>>> print(open('structure_0.cif').read())   # mmCIF, C-alpha atoms (C1' of nucleotides)
data_final
loop_
_atom_site.group_PDB
_atom_site.id
_atom_site.type_symbol
_atom_site.label_atom_id
_atom_site.label_comp_id
_atom_site.auth_asym_id
_atom_site.auth_seq_id
_atom_site.Cartn_x
_atom_site.Cartn_y
_atom_site.Cartn_z
ATOM 1 C CA MET A 253 -99.930 93.827 -102.982
ATOM 2 C CA ARG A 254 -97.574 90.936 -103.050
ATOM 3 C CA ASP A 255 -94.591 91.604 -105.180
ATOM 4 C CA ASP A 256 -94.878 88.574 -107.393
ATOM 5 C CA LEU A 257 -98.582 89.009 -108.071
ATOM 6 C CA TYR A 258 -98.060 92.312 -109.788
ATOM 7 C CA GLN A 259 -98.111 91.765 -113.552
ATOM 8 C CA LEU A 260 -97.953 94.229 -116.402
ATOM 9 C CA ASP A 261 -100.080 93.708 -119.472
ATOM 10 C CA GLU A 262 -98.782 94.834 -122.842
ATOM 11 C CA ALA A 263 -100.405 98.247 -122.672
ATOM 12 C CA ALA A 264 -98.978 98.858 -119.215
ATOM 13 C CA THR A 265 -95.564 97.753 -120.428
ATOM 14 C CA ASP A 266 -95.820 100.212 -123.306
ATOM 15 C CA ALA A 267 -96.650 102.959 -120.828
ATOM 16 C CA VAL A 268 -93.797 102.132 -118.467
ATOM 17 C CA PHE A 269 -91.121 102.040 -121.168
ATOM 18 C CA GLN A 270 -92.550 105.103 -122.851
ATOM 19 C CA ALA A 271 -92.451 106.941 -119.540
ATOM 20 C CA LEU A 272 -88.845 105.929 -118.983
ATOM 21 C CA ALA A 273 -87.808 106.926 -122.496
ATOM 22 C CA SER A 274 -87.212 110.526 -121.466
ATOM 23 C CA ARG A 275 -84.285 111.981 -119.593
ATOM 24 C CA GLU A 276 -86.508 114.563 -117.945
ATOM 25 C CA ARG A 277 -88.920 111.944 -116.691
ATOM 26 C CA ARG A 278 -86.154 109.686 -115.399
ATOM 27 C CA ARG A 279 -84.732 112.669 -113.567
ATOM 28 C CA LEU A 280 -88.163 113.466 -112.153
ATOM 29 C CA LEU A 281 -88.476 109.897 -110.981
ATOM 30 C CA ASP A 282 -85.067 110.084 -109.306
ATOM 31 C CA LEU A 283 -85.988 113.315 -107.553
ATOM 32 C CA ILE A 284 -89.216 111.872 -106.193
ATOM 33 C CA ARG A 285 -87.509 108.672 -105.167
ATOM 34 C CA GLY A 286 -84.920 110.738 -103.309
ATOM 35 C CA ASN A 287 -87.564 112.961 -101.681
ATOM 36 C CA PRO A 288 -90.608 110.827 -101.039
ATOM 37 C CA GLY A 289 -93.616 112.949 -100.151
ATOM 38 C CA CYS A 290 -92.305 116.003 -101.954
ATOM 39 C CA ILE A 291 -94.855 118.248 -103.646
ATOM 40 C CA VAL A 292 -95.039 119.368 -107.244
ATOM 41 C CA ALA A 293 -93.605 122.806 -106.485
ATOM 42 C CA ASP A 294 -90.501 121.228 -104.985
ATOM 43 C CA LEU A 295 -89.618 119.752 -108.342
ATOM 44 C CA LEU A 296 -89.902 122.862 -110.451
ATOM 45 C CA SER A 297 -86.568 124.434 -109.599
ATOM 46 C CA ALA A 298 -84.751 121.408 -110.988
ATOM 47 C CA PHE A 299 -86.083 122.009 -114.494
ATOM 48 C CA GLU A 300 -85.667 124.630 -117.144
ATOM 49 C CA MET A 301 -89.072 124.089 -118.616
ATOM 50 C CA SER A 302 -92.333 125.639 -117.495
ATOM 51 C CA ARG A 303 -94.401 124.311 -114.620
ATOM 52 C CA ILE A 304 -96.932 122.911 -117.071
ATOM 53 C CA GLY A 305 -94.203 121.056 -118.879
ATOM 54 C CA VAL A 306 -93.173 119.385 -115.638
ATOM 55 C CA LEU A 307 -96.813 118.642 -114.821
ATOM 56 C CA LYS A 308 -97.226 116.897 -118.138
ATOM 57 C CA HIS A 309 -94.169 114.726 -117.602
ATOM 58 C CA LEU A 310 -95.467 113.948 -114.148
ATOM 59 C CA ARG A 311 -98.769 112.904 -115.650
ATOM 60 C CA VAL A 312 -97.000 110.476 -117.969
ATOM 61 C CA LEU A 313 -95.235 108.912 -114.987
ATOM 62 C CA GLU A 314 -98.514 108.666 -113.106
ATOM 63 C CA GLU A 315 -100.315 107.064 -116.025
ATOM 64 C CA ALA A 316 -97.545 104.482 -116.161
ATOM 65 C CA ASP A 317 -98.167 103.951 -112.440
ATOM 66 C CA LEU A 318 -94.529 104.781 -111.721
ATOM 67 C CA VAL A 319 -95.537 107.702 -109.523
ATOM 68 C CA VAL A 320 -98.502 107.876 -107.182
ATOM 69 C CA SER A 321 -99.779 110.863 -105.272
ATOM 70 C CA GLU A 322 -101.757 111.782 -102.228
ATOM 71 C CA LYS A 323 -103.722 115.004 -101.998
ATOM 72 C CA ALA A 324 -102.963 116.980 -98.849
ATOM 73 C CA GLY A 325 -104.850 120.224 -98.681
ATOM 74 C CA ARG A 326 -103.857 122.267 -101.660
ATOM 75 C CA GLU A 327 -100.651 120.291 -102.069
ATOM 76 C CA ARG A 328 -100.059 116.938 -103.668
ATOM 77 C CA ARG A 329 -97.519 114.579 -102.157
ATOM 78 C CA LEU A 330 -95.608 112.417 -104.597
ATOM 79 C CA TYR A 331 -94.132 108.948 -104.248
ATOM 80 C CA VAL A 332 -92.448 106.478 -106.534
ATOM 81 C CA ASN A 333 -94.258 103.199 -106.974
ATOM 82 C CA THR A 334 -91.628 100.550 -107.570
ATOM 83 C CA LEU A 335 -93.931 97.680 -108.466
ATOM 84 C CA PRO A 336 -93.902 98.225 -112.236
ATOM 85 C CA LEU A 337 -90.118 98.381 -112.305
ATOM 86 C CA ARG A 338 -89.888 95.316 -110.135
ATOM 87 C CA ALA A 339 -92.299 93.474 -112.427
ATOM 88 C CA ILE A 340 -90.150 94.244 -115.462
ATOM 89 C CA HIS A 341 -86.993 93.411 -113.587
ATOM 90 C CA ARG A 342 -88.434 90.059 -112.558
ATOM 91 C CA ARG A 343 -89.703 89.247 -116.036
ATOM 92 C CA TRP A 344 -86.356 90.019 -117.626
ATOM 93 C CA SER A 345 -84.602 87.967 -115.020
ATOM 94 C CA ASP A 346 -86.738 85.031 -116.070
ATOM 95 C CA GLU A 347 -86.710 85.530 -119.820
ATOM 96 C CA PHE A 348 -83.094 86.464 -120.215
ATOM 97 C CA ASP A 349 -81.713 84.154 -117.625
ATOM 98 C CA ASP A 350 -79.225 82.517 -119.951
ATOM 99 C CA PHE A 351 -78.011 85.895 -121.061
ATOM 100 C CA TRP A 352 -77.706 87.293 -117.552
ATOM 101 C CA ALA A 353 -75.736 84.267 -116.565
ATOM 102 C CA GLY A 354 -73.365 84.910 -119.460
ATOM 103 C CA LYS A 355 -73.945 81.468 -120.860
ATOM 104 C CA LEU A 356 -74.482 82.644 -124.418
ATOM 105 C CA LEU A 357 -71.967 84.182 -126.737
ATOM 106 C CA ASP A 358 -71.752 87.893 -127.108
ATOM 107 C CA LEU A 359 -72.793 87.833 -130.706
ATOM 108 C CA LYS A 360 -71.958 91.410 -131.390
ATOM 109 C CA ASP A 361 -68.310 90.965 -130.575
ATOM 110 C CA LYS A 362 -68.296 87.792 -132.590
ATOM 111 C CA ILE A 363 -69.707 89.580 -135.582
ATOM 112 C CA GLU A 364 -67.459 92.582 -135.289
ATOM 113 C CA ALA A 365 -64.425 90.364 -135.107
ATOM 114 C CA GLY A 366 -65.515 88.875 -138.427
ATOM 115 C CA SER A 367 -66.308 85.679 -136.547
ATOM 116 C CA MET B 261 -66.666 93.330 -124.072
ATOM 117 C CA ARG B 262 -66.789 92.663 -120.393
ATOM 118 C CA ASP B 263 -70.271 92.815 -119.048
ATOM 119 C CA ASP B 264 -69.624 95.343 -116.327
ATOM 120 C CA LEU B 265 -67.722 97.752 -118.539
ATOM 121 C CA TYR B 266 -70.697 98.360 -120.754
ATOM 122 C CA GLN B 267 -72.354 101.636 -119.755
ATOM 123 C CA LEU B 268 -75.240 103.501 -121.310
ATOM 124 C CA ASP B 269 -75.146 107.280 -121.522
ATOM 125 C CA GLU B 270 -78.359 109.249 -121.262
ATOM 126 C CA ALA B 271 -78.947 109.350 -125.003
ATOM 127 C CA ALA B 272 -78.419 105.608 -125.279
ATOM 128 C CA THR B 273 -80.779 105.035 -122.380
ATOM 129 C CA ASP B 274 -83.403 107.156 -124.122
ATOM 130 C CA ALA B 275 -82.966 105.053 -127.242
ATOM 131 C CA VAL B 276 -83.237 101.730 -125.423
ATOM 132 C CA PHE B 277 -86.409 102.616 -123.526
ATOM 133 C CA GLN B 278 -87.917 104.241 -126.574
ATOM 134 C CA ALA B 279 -87.200 101.104 -128.569
ATOM 135 C CA LEU B 280 -88.822 98.934 -125.915
ATOM 136 C CA ALA B 281 -91.887 101.170 -125.667
ATOM 137 C CA SER B 282 -93.619 99.375 -128.519
ATOM 138 C CA ARG B 283 -95.344 96.033 -128.500
ATOM 139 C CA GLU B 284 -94.321 95.369 -132.080
ATOM 140 C CA ARG B 285 -90.678 96.024 -131.349
ATOM 141 C CA ARG B 286 -90.701 93.898 -128.207
ATOM 142 C CA ARG B 287 -92.237 91.112 -130.244
ATOM 143 C CA LEU B 288 -89.611 91.590 -132.935
ATOM 144 C CA LEU B 289 -86.931 91.373 -130.291
ATOM 145 C CA ASP B 290 -88.448 88.165 -128.928
ATOM 146 C CA LEU B 291 -88.578 86.639 -132.390
ATOM 147 C CA ILE B 292 -84.951 87.431 -133.088
ATOM 148 C CA ARG B 293 -83.904 86.220 -129.672
ATOM 149 C CA GLY B 294 -85.712 82.962 -130.364
ATOM 150 C CA ASN B 295 -84.235 82.616 -133.863
ATOM 151 C CA PRO B 296 -80.752 84.022 -133.760
ATOM 152 C CA GLY B 297 -79.358 84.490 -137.256
ATOM 153 C CA CYS B 298 -82.772 84.806 -138.837
ATOM 154 C CA ILE B 299 -83.102 87.162 -141.790
ATOM 155 C CA VAL B 300 -85.447 90.079 -142.259
ATOM 156 C CA ALA B 301 -87.786 88.124 -144.519
ATOM 157 C CA ASP B 302 -88.289 85.512 -141.802
ATOM 158 C CA LEU B 303 -89.896 88.081 -139.571
ATOM 159 C CA LEU B 304 -92.414 89.480 -141.991
ATOM 160 C CA SER B 305 -95.041 86.779 -141.686
ATOM 161 C CA ALA B 306 -95.432 87.500 -137.990
ATOM 162 C CA PHE B 307 -96.684 91.023 -138.637
ATOM 163 C CA GLU B 308 -99.711 92.598 -140.201
ATOM 164 C CA MET B 309 -97.895 95.700 -141.295
ATOM 165 C CA SER B 310 -95.919 96.207 -144.485
ATOM 166 C CA ARG B 311 -92.320 95.088 -144.885
ATOM 167 C CA ILE B 312 -91.179 98.695 -144.673
ATOM 168 C CA GLY B 313 -93.005 99.086 -141.397
ATOM 169 C CA VAL B 314 -91.138 96.122 -139.967
ATOM 170 C CA LEU B 315 -87.863 97.468 -141.382
ATOM 171 C CA LYS B 316 -88.432 100.754 -139.596
ATOM 172 C CA HIS B 317 -89.070 99.070 -136.277
ATOM 173 C CA LEU B 318 -85.985 96.985 -136.846
ATOM 174 C CA ARG B 319 -84.002 100.132 -137.492
ATOM 175 C CA VAL B 320 -85.134 101.561 -134.158
ATOM 176 C CA LEU B 321 -83.965 98.414 -132.388
ATOM 177 C CA GLU B 322 -80.634 98.595 -134.194
ATOM 178 C CA GLU B 323 -80.120 102.242 -133.350
ATOM 179 C CA ALA B 324 -80.709 101.354 -129.712
ATOM 180 C CA ASP B 325 -78.080 98.653 -130.174
ATOM 181 C CA LEU B 326 -80.576 96.023 -129.074
ATOM 182 C CA VAL B 327 -80.259 94.220 -132.398
ATOM 183 C CA VAL B 328 -77.124 93.787 -134.459
ATOM 184 C CA SER B 329 -76.801 92.347 -137.917
ATOM 185 C CA GLU B 330 -74.378 90.692 -140.203
ATOM 186 C CA LYS B 331 -74.618 90.964 -143.958
ATOM 187 C CA ALA B 332 -74.494 87.613 -145.736
ATOM 188 C CA GLY B 333 -74.816 87.979 -149.471
ATOM 189 C CA ARG B 334 -78.138 89.544 -150.183
ATOM 190 C CA GLU B 335 -79.452 88.548 -146.783
ATOM 191 C CA ARG B 336 -78.949 90.123 -143.416
ATOM 192 C CA ARG B 337 -78.636 87.947 -140.330
ATOM 193 C CA LEU B 338 -80.071 89.352 -137.157
ATOM 194 C CA TYR B 339 -79.091 88.884 -133.529
ATOM 195 C CA VAL B 340 -80.131 90.325 -130.220
ATOM 196 C CA ASN B 341 -77.439 92.186 -128.352
ATOM 197 C CA THR B 342 -78.143 91.760 -124.668
ATOM 198 C CA LEU B 343 -75.582 94.196 -123.328
ATOM 199 C CA PRO B 344 -77.865 97.244 -123.179
ATOM 200 C CA LEU B 345 -80.528 95.280 -121.322
ATOM 201 C CA ARG B 346 -77.964 93.887 -118.963
ATOM 202 C CA ALA B 347 -76.603 97.362 -118.303
ATOM 203 C CA ILE B 348 -80.043 98.639 -117.363
ATOM 204 C CA HIS B 349 -80.753 95.572 -115.294
ATOM 205 C CA ARG B 350 -77.528 96.050 -113.413
ATOM 206 C CA ARG B 351 -78.086 99.755 -112.853
ATOM 207 C CA TRP B 352 -81.558 99.186 -111.500
ATOM 208 C CA SER B 353 -80.298 96.484 -109.259
ATOM 209 C CA ASP B 354 -77.867 98.979 -107.786
ATOM 210 C CA GLU B 355 -80.104 102.029 -107.608
ATOM 211 C CA PHE B 356 -83.217 100.325 -106.368
ATOM 212 C CA ASP B 357 -81.566 97.837 -104.135
ATOM 213 C CA ASP B 358 -83.578 98.810 -101.082
ATOM 214 C CA PHE B 359 -86.758 98.515 -103.069
ATOM 215 C CA TRP B 360 -85.870 95.167 -104.594
ATOM 216 C CA ALA B 361 -85.110 93.879 -101.181
ATOM 217 C CA GLY B 362 -88.546 94.980 -100.014
ATOM 218 C CA LYS B 363 -87.111 97.056 -97.231
ATOM 219 C CA LEU B 364 -89.235 100.085 -97.987
ATOM 220 C CA LEU B 365 -92.957 100.437 -97.652
ATOM 221 C CA ASP B 366 -95.213 99.953 -100.573
ATOM 222 C CA LEU B 367 -96.332 103.530 -100.556
ATOM 223 C CA LYS B 368 -99.112 103.050 -102.985
ATOM 224 C CA ASP B 369 -100.934 100.555 -100.799
ATOM 225 C CA LYS B 370 -100.340 102.781 -97.837
ATOM 226 C CA ILE B 371 -101.891 105.709 -99.644
ATOM 227 C CA GLU B 372 -104.807 103.759 -101.011
ATOM 228 C CA ALA B 373 -105.553 102.409 -97.581
ATOM 229 C CA GLY B 374 -105.800 106.021 -96.431
ATOM 230 C CA SER B 375 -102.565 105.533 -94.515
ATOM 231 C "C1'" DC C 256 -112.600 138.853 -96.675
ATOM 232 C "C1'" DT C 257 -108.485 139.316 -99.645
ATOM 233 C "C1'" DC C 258 -104.844 137.748 -101.669
ATOM 234 C "C1'" DA C 259 -100.952 134.793 -102.439
ATOM 235 C "C1'" DT C 260 -99.955 129.964 -103.285
ATOM 236 C "C1'" DA C 261 -100.454 125.164 -105.223
ATOM 237 C "C1'" DG C 262 -102.303 123.033 -108.661
ATOM 238 C "C1'" DG C 263 -104.951 122.004 -112.920
ATOM 239 C "C1'" DT C 264 -107.277 122.654 -117.788
ATOM 240 C "C1'" DA C 265 -107.653 124.283 -122.609
ATOM 241 C "C1'" DA C 266 -105.967 125.453 -126.812
ATOM 242 C "C1'" DC C 267 -102.380 125.763 -129.580
ATOM 243 C "C1'" DC C 268 -97.841 124.757 -132.125
ATOM 244 C "C1'" DA C 269 -93.526 122.448 -133.880
ATOM 245 C "C1'" DA C 270 -91.198 118.220 -134.056
ATOM 246 C "C1'" DT C 271 -91.171 113.287 -134.006
ATOM 247 C "C1'" DA C 272 -93.058 108.623 -134.684
ATOM 248 C "C1'" DG C 273 -95.472 105.159 -137.147
ATOM 249 C "C1'" DG C 274 -97.130 103.907 -140.988
ATOM 250 C "C1'" DT C 275 -97.841 103.924 -146.204
ATOM 251 C "C1'" DT C 276 -96.643 103.530 -151.638
ATOM 252 C "C1'" DA C 277 -93.323 103.921 -155.204
ATOM 253 C "C1'" DC C 278 -88.912 103.221 -156.677
ATOM 254 C "C1'" DA C 279 -83.893 101.585 -156.489
ATOM 255 C "C1'" DT C 280 -80.033 98.341 -155.632
ATOM 256 C "C1'" DA C 281 -77.589 94.097 -155.016
ATOM 257 C "C1'" DT C 282 -77.375 89.109 -155.257
ATOM 258 C "C1'" DT C 283 -78.647 84.602 -156.588
ATOM 259 C "C1'" DT C 284 -80.619 81.402 -159.901
ATOM 260 C "C1'" DG C 285 -82.058 79.371 -164.371
ATOM 261 C "C1'" DC D 33 -78.087 87.604 -169.560
ATOM 262 C "C1'" DA D 34 -82.819 87.776 -167.409
ATOM 263 C "C1'" DA D 35 -85.761 87.314 -163.814
ATOM 264 C "C1'" DA D 36 -86.753 86.549 -159.077
ATOM 265 C "C1'" DT D 37 -85.386 87.555 -154.387
ATOM 266 C "C1'" DA D 38 -83.750 90.297 -150.310
ATOM 267 C "C1'" DT D 39 -83.181 94.540 -148.898
ATOM 268 C "C1'" DG D 40 -82.958 99.521 -148.781
ATOM 269 C "C1'" DT D 41 -84.244 104.676 -149.712
ATOM 270 C "C1'" DA D 42 -87.395 108.658 -150.595
ATOM 271 C "C1'" DA D 43 -91.360 111.110 -150.108
ATOM 272 C "C1'" DC D 44 -95.408 111.550 -147.988
ATOM 273 C "C1'" DC D 45 -99.376 111.470 -144.509
ATOM 274 C "C1'" DT D 46 -101.534 111.253 -139.904
ATOM 275 C "C1'" DA D 47 -101.308 110.861 -134.976
ATOM 276 C "C1'" DT D 48 -98.775 111.614 -130.906
ATOM 277 C "C1'" DT D 49 -95.397 114.028 -128.072
ATOM 278 C "C1'" DG D 50 -93.328 117.841 -125.815
ATOM 279 C "C1'" DG D 51 -93.606 122.084 -125.067
ATOM 280 C "C1'" DT D 52 -95.814 126.811 -124.727
ATOM 281 C "C1'" DT D 53 -99.281 130.819 -122.927
ATOM 282 C "C1'" DA D 54 -103.574 132.015 -120.962
ATOM 283 C "C1'" DC D 55 -106.935 131.127 -117.862
ATOM 284 C "C1'" DC D 56 -109.411 128.619 -113.929
ATOM 285 C "C1'" DT D 57 -110.034 126.416 -109.077
ATOM 286 C "C1'" DA D 58 -109.054 125.410 -104.402
ATOM 287 C "C1'" DT D 59 -106.784 126.206 -100.158
ATOM 288 C "C1'" DG D 60 -104.100 128.613 -96.611
ATOM 289 C "C1'" DA D 61 -102.515 132.967 -94.322
ATOM 290 C "C1'" DG D 62 -102.981 137.771 -92.649
#
>>> encode(input="structure_0.cif", output="structure tokens")
Amino acid sequence: MRDDLYQLDEAATDAVFQALASRERRRLLDLIRGNPGCIVADLLSAFEMSRIGVLKHLRVLEEADLVVSEKAGRERRLYVNTLPLRAIHRRWSDEFDDFWAGKLLDLKDKIEAGS
Amino acid sequence: MRDDLYQLDEAATDAVFQALASRERRRLLDLIRGNPGCIVADLLSAFEMSRIGVLKHLRVLEEADLVVSEKAGRERRLYVNTLPLRAIHRRWSDEFDDFWAGKLLDLKDKIEAGS
DNA sequence: CTCATAGGTAACCAATAGGTTACATATTTG
DNA sequence: CAAATATGTAACCTATTGGTTACCTATGAG
């Protein structure tokens, strides 16, 4: 799919941010990104929690379409799908352009200084 | 504060993504961004839920440091703080640079096509 | 075939999130 | 001062989340 045709609706955006709102899941995502094609079992040693706990976090990432998988025999190969992150990145770049460019005041500092 | 000195720790990152993982809160953020200095009461008409509901969402945004406020008499003026978003934007730009640049395969398409 | 391995499902439980109503406080206005 | 306005807190309820143990299924290896 072409990068710029990928759009997230509100529900998908909810799912992506919700998925990212957990340290464990962000770590999972990093591990898979660093080891594309790894299988579920490869991930377990990195976590304290039970296998089922990891599986559930993985499911959340998959439902947010941040991770995709490919069944290979009795194993499942995991990959990060970057399109949702790129879609958010692109949208923010558009919406917050003035902010990114530093054209607007940093209002927090202004307030804290008593303006 | 200088843009590139602002860093989010893991707990702060949790809070930011959690705050963004709600349509209502993203809408709230958009409203405040579009009306900097607006007061709480200004926001209420845009929502179905009770005032307290809106206040709670607002609190979540404030705890994530995405919204800051300034007390003015009996009113409270609200502003978006863009630093957390910029920090995430910047971190992604670093970490996912290869992906942003489109240098890596789109693994999902590859998988769906049966590789 | 037998059994170990990789993975998944079901049912449950405690904690958190998202909302409510009722009440309280502080500030402006007449 | 009295009343209206702007906001905040407390207590409560329901649904969702994050985790568990126990059990089930499918595949690969000897």
>>> interface_residues(input="structure_0.cif", of="chain B", to="chain D", cutoff="12 Å", atoms="all atoms listed in the file", output="PyMOL selection string")
chain B and resi 299-302+311-312+315-316+319+331-337
>>> axis_aligned_box(input="structure_0.cif", around="range 259-266 of chain C", padding_each_side="5 Å", output="JSON")
{"center_x": -103.8, "center_y": 128.4, "center_z": -114.6, "size_x": 17.7, "size_y": 22.8, "size_z": 34.4}
>>> resolve_selection(input="structure_0.cif", expression="the PyMOL selection byres ((chain B and resi 265-279) around 7)", output="PyMOL selection string")
(chain A and resi 269-270+272-275) or (chain B and resi 262-264+280-282+285+320-321+324+343+347)
>>> atom_distance(input="structure_0.cif", atom1="CA of Ala298 in chain A", atom2="CA of Leu280 in chain A")
8.7 Å
>>> resolve_selection(input="structure_0.cif", expression="the PyMOL selection byres ((chain C) within 12 of (chain B))", output="ChimeraX atom specification")
/C:272-277,280-283
>>> closest_residue(input="structure_0.cif", among="A:Leu330, A:Ile284, A:Leu296, A:Val320", to="chain B", atoms="only C-alpha atoms")
A:Val320
>>> atom_distance(input="structure_0.cif", atom1="CA of Val319 in chain A", atom2="CA of Ser297 in chain A")
19.0 Å
>>> atom_distance(input="structure_0.cif", atom1="CA of Asn341 in chain B", atom2="CA of Leu326 in chain B")
5.0 Å
>>> closest_residue(input="structure_0.cif", among="A:Asp346, A:Glu322, A:Glu300, A:Glu314", to="chain B", atoms="only C-alpha atoms")
A:Glu322
>>> closest_residue(input="structure_0.cif", among="A:Asp282, A:Phe299, A:Asn287, A:Leu310", to="chain B", atoms="all atoms listed in the file")
A:Asp282
